[in-house]
Structures are given as C-alpha cells and as structure tokens.
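Shown next, in structure tokens, is the structure this report addresses.
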Amino acid sequence: MRKALLIFLLCCLAPGLKAQPDTLRSAVISAVQGRGELLPGDTIPAGLLQRAVSVADAVRTFGGVQIRDYGGVGGLKTINVRSLGSEHTGVFLDGIRIDNTQNMQVDLGRYATDGLAGIRLYQGQKAGYLQSAKEYGNANALYLTSARPEKNGMTLRFRTGSFGTYAPALTVDRRFGSRISLRAQAEYTASDGRYPFHVSDSRTLPDGTHAGYDTVMTRQNGDLHSLRAALHLFGPGWHVQAWGYGSGRGLPGPVYKRAGTYPLSRDRQDDRNFFLQGEWTAGPIRLKGKLSHDALRFTDHSETNPDLAPAVFNYATDQAYLSAAGLLEPLPWWKISLAADLQATYMDADLRDFVYPFRLSGWLAAAQHVTAGPLQASASLLYEAHLDRFGTLGDSRFRDVLSPALILRYDPAAGWTFSAFAKRSWRLPSFNDLYYTNVGSANLRPEDAWQAGLDVSWSRTAGPWRFEAKAEGYVNRIRDKIIAVPTASQFRWSMYNIGDVRILGSDLRAVIRHEYISLDLRYTFQQARDHTAADKGQVPYIPIHSGSATLSGTWHGWTADLTIFATGERFTASSNLPMFRLVPWLTADADFGKRLPLKTGELTVRLSLRNLTGEQYEIVDRYPMPGRNVLLTLDYSF
Amino acid sequence: MKKIALLAFSMALAATVAGCHKDETTSKDRDLAGVNVAVGESSRYSKLFVLNEGAWQKNNATLDFFRIGDGNYVSDAFSQMNPTVTQGLGDTGNDLALHDGELWIVMNGSGMVHVVDAFDEELEASIAVPDPRYIAFDDDYAYVSSYAGAVYGGEPTKGKVYKIDVDSYQIIGSVEVGCQPEGLDIVDGNLYVANSGGYNPVHEKTVSVIDLDSFKVVGSVEVASNLKGLKADGLGSYWVSTYGEGRYDASWNYIQTEACSLHRVRSGKVTTVAGVHISCMDACDGNLWAIGNDRELEGGHVLTLYQVSHDLSVKKTEFGGTDLSRVNNPYGILVNPENGDLYIADASYTDAGKVHCFDKNLKHKWTATAGMLPAHMVLY
C-alpha cells in the first residue's frame, strides 16, 4: 500500500519538476481563474438560500440526503448523504472542514445562510485544482462559501414567529479601496421551543371495532438562546474570518410515558465555539490555516428527584490546522494538484477516568486532471495518518488509510453531460467512540466506505424556457461500521467495527424554469440493506422512496414559493418489523416575499408558513416535529 | 411542578371492547391474534407472561404471553387489551412479578409500577414510583427497590425501597438503603436488598437487611462488589449475583477483573459458588438455574447453563453442540416447576428478541418471536 502511494506521488511530481518555470506559472494562473473544477456538484437556488433560516433548512431539498432533525429551533440537525451516515459528510466553510472530533457530527442548524454566496454538495469529492488534502478525505462534501461584499452597506434583519422565536441580526459591509473589504455579522436567536404535538395510536380489536388514544402534549425544555458573530476580511487572494457562537439550550429528550409528577427532561447543553481561519492564494499556491476552540457543558438533571443536584460534564476541544496546496501544469491538457495538511487536536473533559486524547493528523494528497476533447478525468490519492496519544502513561494508537478516487466527465454534445465516479474513503472513529469512559474502545478501525456512481444530465433552452434533467445511480458499501454492542460481559457495552451496509440508489431531478416561474422536482430511491445478518432489511431511518417539489414564482418584487417534502415509510431497526415502523410523512411549506424600495435602501418582507397541513411526524423516533408554524422576516438594507 | 407535559385534551377514538363484566371462565384475551408456535399442553398454568423491556427511552416495552393450552404466542397483549391507555406500558420494563392473580410490572423509564389482571391483562392501577428497579411481596405489601433519582457521575445518592399496599395501590412508606439497589426478596420476615452502587466510583458490596415489622434497616451483609440479583431459595437462604467488575488498563483496554459471580447467604454467612458466571438466574425448588459467559474473564464467549443445587454442586452445560445453541443473547430465564421446562428470553439489543422453550432434558420445544429485549417471565 505504501509502495503504491510512493509511486503515485513520484508520478505526480516528476513531470512538474521538469516543467519550465515561466510556462508553468502562466498556465497555472489561467487554470485557477478558469473553470476550476471538474463537476459542479449540486446547488441550492439563490431564492431558497435567502429564505432559509439555517443551512440545515436550506439543504433539505438536495436529492439523496436525509436531514436528521430532532425537532424545534434548538434540535440537532445533521445531514446524511446517500445513507453513508452523517459522519461521512465533510462540511467545509470556505474550503476548511468544520471538525467535530468529539462525535464527528456537524449541527447544520447553527450555521446561517445569510452571507453565503452558495451551498454545494459534492458526491465523492470536489475535484478542484487548488484544494487542501482534507478535501479529498470524505465520502461526500458540503461546501458553504461566504460572499464577498460588493459595496458599503448595512442590513438590519428581524425575524419573529412561532415557538416564541425572535432573532435580530445586523450585517455591516465596508470596502477599503478597490481591493479590501470587510463584513461583520451578528445574530441573536431566542426561542422558547414550545409546540403542541399529538401522541396517538389506534388499533383494530378482535371484534372489528377500533380503539385508541389521541393526546395533545406540549414540547418542553426545548428553549434556545444563541449569539453568533462573524467578522470577515477579504483581500486580493486572501480571506480571513473569525467566528464565534455561544448558546444555551434545553434538551427536551425523547417522548415516552412518564409518571405524572415527573418532568420528561431538564437536561441542558451550553456551547461556546470560536474559530479563526484564513486562506491565501498566490499563483499556483494556496495556504490555509485554522485555530478553533469548542467547549460544551452538559447538565444532567435527575428527572425523578428534583431535590438532587445535577451532574455537570464539561468537554473542550482545541484544534490547530495548516494546509498547503499547489498546482502544476506540465502540459495544457494535464494538471497536477498536490496538497499537504497537518492538524493537532486535544480534548479535555471532566469525566471520571478520562484519558485526555491528543491527535496529530497528517494528510498528503495528489491528483491528476486530464482533458482530452470532450473527456475529462481526475484521479486522486489521499494518504492520511493519525496518531492518538492518550492515557496517563501516554499510550498511543496509529491509524493510516489510503483514499483513492476517480472522476470522469464526458460532454458528447451541447446540453449533455455524463459523469462517473468511484471512491474509497474512511471515517475515523470519534473521540467518543474511542475514549468515552465505560463505552469507548481504543482499538477501533476507521469505517470503510466504497462508492461508485454514474450520472447523466441534460439541459435545453427554448425561448424563455429552460429545461434541466439529471439522473444519478449509485452503489455504496460501508464496512467496519462502528456500532455499540455488549462485550464478553452482558452488562458492559462497547464500540465495535461490525456493521456492513450495502446501498443501491438513484436520484432523479427535473427543473423547468421561466423568467417568472420555476418548478423543481426531485425523487430519491434508496435501498440500504444491513448485511450483518440474513434476517436484516433496510437500515434504520432510510426511506426507500423520498422526494420534494418546489414551485416558485416572481413578479415585480413579489416572490412566492411552495415546497413539498415527502418521505416514505422507515424503520428504527434493521429488522423491518411492524413494531419498528415509522409512518410516512408529507409536509408543505409556503413562502411569500415582497421587496419594497424605500427612499434610502430597501425593505424586504417575507412570510414563511411551515407545515401548512399540520402534519404530525417524526424524523427521529420519539422526537415529534412541530405542526403548523410561521416566521416573519423583515430585512432592511441601506 | 413541571409535569410530563401539558395534557390539553385526551380523547378515546372509539369505545373499548363491549361488555365490562368479568367472565369467570373465559378470558377476554381469547380472541387476541397469536402465532401458533407449539402443540398445546394441559398444565396447571394457563399462560407464560413475557415482559419485553423495550429499548431505553423508546417507549416500546410490551407484555406478551404464551398460551400453554393451545401453544399460541400473543405479542403486545397489554396494548391490545388496553387500547385507550396512552403510550401503552411505557418505557423500559425492569421487573415482572405475579401476586394474588395480578401482574405487577415495574417500568423503570416511566417511573411507574402497573398492576394488571393476569386473567385478562386489563390495567387495574398505575403507581408512580421514582426510578423503580425490582419488586418483591409479602402478603399485604409490595416492596420496590429504587435508584431514587441518582444520576451517573453525580453526587453519590442513596437508593430507597418503597412499600406499597397491594389493596389500595398506595405508597405507604419508604426506607433508605445503599446506592442503586437492585434485586430484593423476603426470607423469614426480613427483606434483603442487593446494593450495586453502580453510579459511584467505588461500588457497593452489601445487602441491606430490612425488618418488615418496623420497616427499618436493621443490618447489612457484605457479599461482593456491584450486586445485582437477589432471590430467596425457599429454604431459608437467598442467592445473590453480581454485575462483576472491570477497569481500563493504562493502554485503555477494558479488563474484566471480577466475574459476574453467584453467592448464597444463609443466616448471614456468605458462600461463593465457585466457577459460576451469571448474567440471569431463576430460583426454583431450592435450586438455581443461571446462564452466563463461562469465559468472561478471558474475553471469550462460551454461553453456559449452570444448574446449582442446594448443596452448591454445579452442573455446567455449554450451549455449543446442544439445542441451547439456538440462543444468541440469553437475557432472562425461568423454570417451570411443574414439568421442568426451561424458558430462555433471547435479546437482540437492536431488533425483536425471541423466547425459547426447552424441556427438562434441554431438548428444544418451541421458539417464538417476542418484542424488544424480552427479559422477565412469569407463569400464571
């Protein structure tokens, strides 16, 4: 394996060394400024980006994804792409991965869409020319890209609506000369998180009559208070940002039967997240760096004895990251990307018997991009190595893996594109998997993900109309999936590499667009089978059928959007018995907006009506989602 | 008083089963759809009840029964007989006992003890008990061990035993015992309670002794660390099992340092039964049936049935190569005193479990698909 890596790297380096410096430089600059990447990935329409309250809200329309949503404003929201598991999706903010080493999940509810130029989802990886080594390391990647302010200005925004939600926000844009600009943003969100939901059941009795119950309860302890602030500085070829997020929230917990005198959950979570990151591009070289500090405080209240003092657990993770990437172009049709990243992570916790893990990680990536007429190809290889030191005696574990990927694109005729990719990638065990006291298992291997996909897209413009269609098919396999099971002692559970999931899926999309109206239809089929035993079926939480439809219209400053999401039946266990079944659900959201030009500046009013039919549904078992709810947004820019 | 949730309104979708008077000869559960898994037998028992614990915080505990007369296995009988009871049995069943024709079902997650008519599975009462674990009875009272709200990693918190009047279904007293008390049973007017201390850095080692006349703790017996099960043997002694002990070594490998062991206490004197590794047990006619992993200390996995007779001699039967090898994760055991049949609950942790029946020669008789984590069984 090592030898293969060495040969590949040499193969990449050798032609570059021979290239003439002058020609290399000019070629590289044109490449960087050119198309820059082989496949565009999947994007979100600008209108949706503007009206979404968070990244989690915006990415729901992507094909082939499941948003795991625990409900409410403060409920955890993560993305699971093509059933590989949310830990396999890298979430990148301006090209740098948002890491959560503690549990490998990024809460997309915490990231705002305002200030973003775009959100893109790449299956496999983004095949760009100047990307960091880490960008080759995920099964799929979600990119959030900040917009560069174009003029001096200020935006005041106020949101208010259901669940006692109000969220004032301020954005200030400043330009210093023609080359440097600044954007400062702050948003405060408060919500009591209370909403009614039904607990009901109905069954047919042996005598043919029906009986059941239908009780309305109110979701409690789901409040959220958060402050998010970001400062961006943009210059020629560089971008620096500081980001801070602080929140306090109740964890309402799952809904289950409790004796009347006891609350369901009084647990609380407080977060403090800070990072400083920057990127600098000069010709064929790009440098990136990030420093971050994430602190989490979990307060575990006794649910049955209000007199007891709560147990408080503190976790903190510090991380430093550096990346260097370069591009060589030995021949006009041949480009080579090289990248090396280094990262150090330390975690502190006041758990009993905690081991204070320190992880030193390195990534080396090389990619070759070849263009031959209508055919383009990109082959990459990533080597990553992680050394964990932990424990009082400084024990360590070393893990290293190779992730190869191949991406092909063929444009036979105008409007037609065929592409294919194959990739093997890995998801490292999280610190929780490895070191959580009493459950962790230090000898875990990374989860192994194999993917192969094929897609065809077609587009045509006819007068004012534009038609787009895309069909994707894929086969995935996850091996060594990390799962908690009992050990030799039935009374102690631990994490093991035992899961095996095989996925066969297809995402279909059709778009019809006109100047004033557009229709976007998506359908996903996914058969994701658990292969650990013969009697297993569809893996938990993945529907076989799901889809969405968005109808949008604009007219003289007015906008109207109607979005329907549908998810078929799901199961909470791999043996698909009726007792584990989650019912299908369908929700409809409507948004209306109006832009009002004022004497100075512009006012935008937007009304969002969510879950119009009041559908009672759960995305995560026992975590009821809100019924009908509204959100009013006032945006004043000047 | 932050209640479980605001009850805005509650509505029955339709009337319950017609006819509320009790038919003394035929149970109303006769119409429940079951799955035939065995040939019917005549017995002094009519049903084998199975409590499926359900997954933690999933509210999917269920009560099943096997009807001995026709060999049918009926799943989720409680919800079928009590369709208007909101959220069914509730969350995380932890113990099941029969007293005077009533099933007492201890729901740990829900903080409730349900009393159900064993004849037709109709709910008679639900009693709020904080963090209930196990139950034992004398003639007039039920005794329920309780963690009393303790939180893992929090301040060490003493557990309690609640005393419940079996006629009025009211809690009429409680007494503080050790931390995280588990199994309990009655021998000669004393209630013995196994303390685990499982939430503490250093586990408990003692059985608390409660005098039932005064309902006060009158002593304690040191047995072993991290106690779990406690069953009277009917001959003046009681059996105690443990959860075992383990720790991480310097390389963060988990090492089991003490087996899940079995002890017998007679007149305050503790005898450890050598070589028994116990995960679940049932006492019957002075003897004890237990199942465990015989190689737990070596990290292996050799499921073994231990038949411990009253003179403490042990007969071991490894599952491999016998009909018992059908069992994957033994999670509960019950012996039929009438014919020696052995019932083993087989849990899957993530999926529906099974219940297996073997005759007294350990030959397989039948297997039924149960609910989530079948664990506790009782014959009626």
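Labels used: A, B, ... for chains in the order of the structure tokens, numbers from 1 for residues in each chain, and numbers from 1 for ligands as shown.
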Taking only C-alpha atoms into account, report as number ranges by chain which residues of chain A lie within 7 Å of chain B. A: 206, 210-218, 254, 256-264, 302-305, 310-311, 391-393, 395, 442, 488-491, 573, 575, 622
Near Thr271 (chain B), counting only C-alpha atoms, which residues have an atom at most 10 Å away, once you skip same-chain residues fewer than 3 positions from it, shown as a ChimeraX atom specification? /B:223,239,262-266,268,274,312
Using N, CA and C atoms, can you write the selected residues to a file as a PDB file, in the first residue's frame?
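So out-v5.pdb came out as:
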```pdb
ATOM      1  N   VAL B 223     -21.220  -8.962  50.784  1.00  0.00           N
ATOM      2  CA  VAL B 223     -21.229 -10.142  49.919  1.00  0.00           C
ATOM      3  C   VAL B 223     -20.116 -10.041  48.868  1.00  0.00           C
ATOM      4  N   TRP B 239     -30.034 -16.289  47.297  1.00  0.00           N
ATOM      5  CA  TRP B 239     -28.959 -16.224  46.303  1.00  0.00           C
ATOM      6  C   TRP B 239     -28.715 -14.759  45.943  1.00  0.00           C
ATOM      7  N   LEU B 262     -21.842 -15.698  41.695  1.00  0.00           N
ATOM      8  CA  LEU B 262     -23.027 -16.132  42.433  1.00  0.00           C
ATOM      9  C   LEU B 262     -22.638 -16.459  43.875  1.00  0.00           C
ATOM     10  N   HIS B 263     -23.477 -16.022  44.797  1.00  0.00           N
ATOM     11  CA  HIS B 263     -23.225 -16.251  46.220  1.00  0.00           C
ATOM     12  C   HIS B 263     -24.517 -16.718  46.867  1.00  0.00           C
ATOM     13  N   ARG B 264     -24.371 -17.537  47.941  1.00  0.00           N
ATOM     14  CA  ARG B 264     -25.566 -17.881  48.721  1.00  0.00           C
ATOM     15  C   ARG B 264     -25.347 -17.437  50.155  1.00  0.00           C
ATOM     16  N   VAL B 265     -26.379 -16.818  50.701  1.00  0.00           N
ATOM     17  CA  VAL B 265     -26.283 -16.316  52.065  1.00  0.00           C
ATOM     18  C   VAL B 265     -27.276 -17.084  52.926  1.00  0.00           C
ATOM     19  N   ARG B 266     -26.747 -17.729  53.961  1.00  0.00           N
ATOM     20  CA  ARG B 266     -27.591 -18.489  54.896  1.00  0.00           C
ATOM     21  C   ARG B 266     -27.242 -18.025  56.305  1.00  0.00           C
ATOM     22  N   GLY B 268     -26.765 -15.119  57.458  1.00  0.00           N
ATOM     23  CA  GLY B 268     -25.718 -14.100  57.471  1.00  0.00           C
ATOM     24  C   GLY B 268     -24.362 -14.585  56.998  1.00  0.00           C
ATOM     25  N   ALA B 274     -18.345 -21.348  43.454  1.00  0.00           N
ATOM     26  CA  ALA B 274     -17.172 -21.228  42.574  1.00  0.00           C
ATOM     27  C   ALA B 274     -17.521 -21.562  41.134  1.00  0.00           C
ATOM     28  N   LEU B 312     -24.915 -26.784  46.678  1.00  0.00           N
ATOM     29  CA  LEU B 312     -23.941 -25.931  45.974  1.00  0.00           C
ATOM     30  C   LEU B 312     -23.090 -26.696  44.958  1.00  0.00           C
TER      31      LEU B 312
END
```
Looking at B:Glu338, B:Glu41, B:Asp346, B:Asp165, which one is nearest to Lys360 (chain B), with distances taken over only C-alpha atoms? B:Glu338
At a cut-off of 8 Å, using only C-alpha atoms, what residues contact Gly159 (chain B)? Leave out same-chain residues fewer than 5 positions from it and give the result as number ranges by chain. B: 145-148, 150, 176-181
Between CA of Ala309 (chain A) and CA of Ser225 (chain B) - distance in Å to one decimal: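 If I compute the distance from CA of Ser225 (chain B) to CA of Ala309 (chain A), I get 26.0 Å.
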Find the residues around region 592-596 of chain A up to 10 Å (only C-alpha atoms counted), leave out those fewer than 5 positions away in its own chain, and share them as JSON, numbers by chain. {"A": [51, 552, 553, 554, 555, 556, 557, 558, 559, 560, 561, 562, 601, 602, 603, 604, 605, 606, 607, 608, 609, 632, 633, 634, 635, 636]}
Go ahead and write the residues just picked, N, CA, C and O atoms, as a tab-separated table (two decimals), in the first residue's frame.
```tsv
chain	number	residue	atom	x	y	z
A	51	ARG	N	-34.16	32.56	1.84
A	51	ARG	CA	-35.26	32.44	2.78
A	51	ARG	C	-35.02	31.37	3.85
A	51	ARG	O	-35.77	31.30	4.82
A	552	SER	N	-41.90	27.90	-7.70
A	552	SER	CA	-41.52	29.27	-7.33
A	552	SER	C	-42.00	30.24	-8.37
A	552	SER	O	-41.99	29.95	-9.57
A	553	GLY	N	-42.40	31.40	-7.91
A	553	GLY	CA	-42.81	32.45	-8.85
A	553	GLY	C	-42.27	33.79	-8.40
A	553	GLY	O	-42.12	34.04	-7.20
A	554	THR	N	-41.95	34.67	-9.35
A	554	THR	CA	-41.55	36.04	-9.01
A	554	THR	C	-42.30	36.99	-9.93
A	554	THR	O	-42.54	36.69	-11.11
A	555	TRP	N	-42.68	38.15	-9.40
A	555	TRP	CA	-43.43	39.12	-10.20
A	555	TRP	C	-43.29	40.49	-9.55
A	555	TRP	O	-43.78	40.70	-8.46
A	556	HIS	N	-42.56	41.35	-10.21
A	556	HIS	CA	-42.43	42.74	-9.75
A	556	HIS	C	-42.13	42.86	-8.27
A	556	HIS	O	-42.86	43.50	-7.52
A	557	GLY	N	-41.07	42.23	-7.84
A	557	GLY	CA	-40.67	42.35	-6.44
A	557	GLY	C	-41.37	41.37	-5.51
A	557	GLY	O	-41.00	41.25	-4.35
A	558	TRP	N	-42.39	40.69	-6.01
A	558	TRP	CA	-43.06	39.67	-5.21
A	558	TRP	C	-42.40	38.33	-5.46
A	558	TRP	O	-42.02	38.02	-6.58
A	559	THR	N	-42.29	37.51	-4.44
A	559	THR	CA	-41.86	36.12	-4.65
A	559	THR	C	-42.82	35.21	-3.89
A	559	THR	O	-43.35	35.58	-2.84
A	560	ALA	N	-43.04	34.04	-4.45
A	560	ALA	CA	-43.87	33.04	-3.78
A	560	ALA	C	-43.26	31.67	-4.05
A	560	ALA	O	-42.85	31.38	-5.18
A	561	ASP	N	-43.14	30.88	-3.01
A	561	ASP	CA	-42.57	29.54	-3.16
A	561	ASP	C	-43.41	28.55	-2.38
A	561	ASP	O	-43.82	28.81	-1.25
A	562	LEU	N	-43.64	27.43	-3.01
A	562	LEU	CA	-44.34	26.34	-2.33
A	562	LEU	C	-43.44	25.11	-2.42
A	562	LEU	O	-43.01	24.73	-3.51
A	601	GLY	N	-32.45	52.91	0.75
A	601	GLY	CA	-32.37	51.47	0.97
A	601	GLY	C	-33.61	50.72	0.49
A	601	GLY	O	-34.40	51.22	-0.31
A	602	GLU	N	-33.72	49.52	0.99
A	602	GLU	CA	-34.75	48.62	0.50
A	602	GLU	C	-35.24	47.74	1.66
A	602	GLU	O	-34.44	47.27	2.47
A	603	LEU	N	-36.53	47.53	1.72
A	603	LEU	CA	-37.10	46.68	2.77
A	603	LEU	C	-37.64	45.41	2.12
A	603	LEU	O	-38.33	45.48	1.10
A	604	THR	N	-37.28	44.28	2.68
A	604	THR	CA	-37.84	43.02	2.19
A	604	THR	C	-38.67	42.41	3.32
A	604	THR	O	-38.20	42.30	4.45
A	605	VAL	N	-39.89	42.05	2.99
A	605	VAL	CA	-40.77	41.41	3.96
A	605	VAL	C	-41.01	40.00	3.48
A	605	VAL	O	-41.29	39.77	2.30
A	606	ARG	N	-40.84	39.04	4.38
A	606	ARG	CA	-41.03	37.66	3.97
A	606	ARG	C	-41.85	36.93	5.02
A	606	ARG	O	-41.59	37.04	6.23
A	607	LEU	N	-42.85	36.20	4.56
A	607	LEU	CA	-43.68	35.41	5.47
A	607	LEU	C	-43.51	33.94	5.10
A	607	LEU	O	-43.73	33.56	3.95
A	608	SER	N	-43.09	33.14	6.07
A	608	SER	CA	-42.92	31.71	5.83
A	608	SER	C	-43.96	30.95	6.62
A	608	SER	O	-44.06	31.14	7.84
A	609	LEU	N	-44.70	30.13	5.93
A	609	LEU	CA	-45.69	29.27	6.60
A	609	LEU	C	-45.17	27.85	6.46
A	609	LEU	O	-45.03	27.33	5.35
A	632	LEU	N	-41.93	35.41	10.34
A	632	LEU	CA	-41.97	36.67	9.62
A	632	LEU	C	-40.57	37.27	9.63
A	632	LEU	O	-39.93	37.35	10.69
A	633	THR	N	-40.08	37.67	8.47
A	633	THR	CA	-38.74	38.25	8.38
A	633	THR	C	-38.81	39.65	7.77
A	633	THR	O	-39.45	39.84	6.73
A	634	LEU	N	-38.18	40.59	8.43
A	634	LEU	CA	-38.05	41.95	7.89
A	634	LEU	C	-36.57	42.21	7.67
A	634	LEU	O	-35.77	42.03	8.58
A	635	ASP	N	-36.24	42.61	6.45
A	635	ASP	CA	-34.85	42.83	6.08
A	635	ASP	C	-34.74	44.26	5.58
A	635	ASP	O	-35.40	44.62	4.61
A	636	TYR	N	-33.94	45.06	6.21
A	636	TYR	CA	-33.78	46.43	5.74
A	636	TYR	C	-32.32	46.66	5.39
A	636	TYR	O	-31.45	46.58	6.26
```
To test your reading of the structure, identify every residue in region 146-306 of chain B that backbone DSSP assigns to strand (DSSP E or B), and report it as an mmCIF file with C-alpha atoms, in the first residue's frame.
```
data_model
loop_
_atom_site.group_PDB
_atom_site.id
_atom_site.type_symbol
_atom_site.label_atom_id
_atom_site.label_comp_id
_atom_site.auth_asym_id
_atom_site.auth_seq_id
_atom_site.Cartn_x
_atom_site.Cartn_y
_atom_site.Cartn_z
ATOM 1 C CA SER B 146 -35.468 2.381 43.573
ATOM 2 C CA LYS B 158 -28.744 6.556 48.440
ATOM 3 C CA GLY B 159 -31.476 4.403 46.966
ATOM 4 C CA LYS B 160 -34.769 3.504 48.569
ATOM 5 C CA VAL B 161 -37.255 0.708 48.984
ATOM 6 C CA TYR B 162 -40.876 1.801 48.590
ATOM 7 C CA LYS B 163 -43.645 -0.059 50.415
ATOM 8 C CA ILE B 164 -46.941 -0.277 48.521
ATOM 9 C CA ASP B 165 -50.288 -1.520 49.865
ATOM 10 C CA ILE B 171 -47.186 4.012 48.617
ATOM 11 C CA ILE B 172 -47.307 3.924 52.386
ATOM 12 C CA GLY B 173 -43.644 4.214 53.250
ATOM 13 C CA SER B 174 -40.071 4.152 52.106
ATOM 14 C CA VAL B 175 -36.726 3.351 53.633
ATOM 15 C CA GLU B 176 -33.248 4.387 52.540
ATOM 16 C CA VAL B 177 -30.814 1.597 51.614
ATOM 17 C CA GLY B 178 -27.462 1.564 49.784
ATOM 18 C CA CYS B 179 -26.721 3.253 46.469
ATOM 19 C CA PRO B 181 -30.329 -1.007 44.963
ATOM 20 C CA GLU B 182 -31.319 -3.845 42.610
ATOM 21 C CA GLY B 183 -32.808 -7.278 43.402
ATOM 22 C CA LEU B 184 -34.700 -7.855 46.624
ATOM 23 C CA ASP B 185 -36.580 -10.712 48.278
ATOM 24 C CA ILE B 186 -38.056 -11.808 51.590
ATOM 25 C CA VAL B 187 -36.770 -14.538 53.904
ATOM 26 C CA ASN B 190 -36.726 -9.811 56.625
ATOM 27 C CA LEU B 191 -36.397 -8.014 53.301
ATOM 28 C CA TYR B 192 -32.942 -8.358 51.738
ATOM 29 C CA VAL B 193 -31.878 -5.748 49.176
ATOM 30 C CA ALA B 194 -28.822 -6.078 46.902
ATOM 31 C CA ASN B 195 -26.999 -2.734 46.548
ATOM 32 C CA THR B 206 -23.540 -5.100 50.834
ATOM 33 C CA VAL B 207 -27.035 -6.494 51.085
ATOM 34 C CA SER B 208 -29.249 -4.261 53.236
ATOM 35 C CA VAL B 209 -31.440 -6.121 55.750
ATOM 36 C CA ILE B 210 -34.844 -4.571 56.460
ATOM 37 C CA ASP B 211 -37.068 -5.781 59.277
ATOM 38 C CA LYS B 216 -36.286 -0.178 59.153
ATOM 39 C CA VAL B 217 -32.813 -1.220 58.053
ATOM 40 C CA VAL B 218 -31.515 -3.472 60.819
ATOM 41 C CA GLY B 219 -28.232 -4.583 59.335
ATOM 42 C CA SER B 220 -26.160 -5.324 56.303
ATOM 43 C CA VAL B 221 -24.290 -8.316 54.918
ATOM 44 C CA GLU B 222 -21.090 -7.844 52.942
ATOM 45 C CA LEU B 227 -24.510 -6.669 43.482
ATOM 46 C CA LYS B 228 -27.375 -7.308 41.099
ATOM 47 C CA GLY B 229 -29.877 -10.142 41.566
ATOM 48 C CA LEU B 230 -31.326 -11.451 44.805
ATOM 49 C CA LYS B 231 -33.701 -14.401 45.095
ATOM 50 C CA ALA B 232 -34.907 -16.365 48.134
ATOM 51 C CA SER B 237 -31.423 -18.779 52.400
ATOM 52 C CA TYR B 238 -31.057 -16.416 49.458
ATOM 53 C CA TRP B 239 -28.959 -16.224 46.303
ATOM 54 C CA VAL B 240 -27.124 -13.055 45.273
ATOM 55 C CA SER B 241 -25.492 -12.355 41.908
ATOM 56 C CA THR B 242 -23.165 -9.527 40.868
ATOM 57 C CA GLU B 245 -16.063 -5.620 37.991
ATOM 58 C CA GLY B 246 -13.754 -4.229 35.375
ATOM 59 C CA ARG B 247 -11.484 -1.339 34.649
ATOM 60 C CA TYR B 248 -9.415 0.187 31.874
ATOM 61 C CA TYR B 254 -11.054 -2.775 29.291
ATOM 62 C CA ILE B 255 -10.216 -5.664 31.579
ATOM 63 C CA GLN B 256 -12.844 -7.581 33.484
ATOM 64 C CA THR B 257 -11.281 -8.096 36.887
ATOM 65 C CA GLU B 258 -14.071 -9.893 38.716
ATOM 66 C CA LEU B 262 -23.027 -16.132 42.433
ATOM 67 C CA HIS B 263 -23.225 -16.251 46.220
ATOM 68 C CA ARG B 264 -25.566 -17.881 48.721
ATOM 69 C CA VAL B 265 -26.283 -16.316 52.065
ATOM 70 C CA ARG B 266 -27.591 -18.489 54.896
ATOM 71 C CA LYS B 269 -22.959 -16.435 56.291
ATOM 72 C CA VAL B 270 -21.845 -15.895 52.668
ATOM 73 C CA THR B 271 -20.720 -18.777 50.488
ATOM 74 C CA THR B 272 -19.415 -18.023 46.991
ATOM 75 C CA VAL B 273 -20.426 -20.613 44.423
ATOM 76 C CA CYS B 280 -29.522 -14.077 34.559
ATOM 77 C CA MET B 281 -30.953 -16.551 37.063
ATOM 78 C CA ASP B 282 -34.102 -18.180 38.411
ATOM 79 C CA ALA B 283 -34.532 -19.899 41.752
ATOM 80 C CA CYS B 284 -36.827 -22.908 41.814
ATOM 81 C CA ASN B 287 -32.101 -24.943 43.268
ATOM 82 C CA LEU B 288 -30.839 -22.207 40.994
ATOM 83 C CA TRP B 289 -30.705 -22.025 37.196
ATOM 84 C CA ALA B 290 -28.320 -19.474 35.796
ATOM 85 C CA ILE B 291 -26.851 -18.514 32.429
ATOM 86 C CA GLY B 292 -23.585 -16.724 31.859
ATOM 87 C CA ASN B 293 -20.439 -16.484 29.803
ATOM 88 C CA LEU B 303 -22.517 -19.396 26.941
ATOM 89 C CA THR B 304 -23.177 -21.865 29.725
ATOM 90 C CA LEU B 305 -26.163 -23.069 31.707
ATOM 91 C CA TYR B 306 -25.395 -23.591 35.392
#
```
Write out as an MDAnalysis selection string each polymer residue whose atoms come within 8 Å of region 339-342 of chain A, counting only C-alpha atoms; drop sequence neighbours fewer than 6 positions from it. chainID A and resid 131:134 321:326 360:366
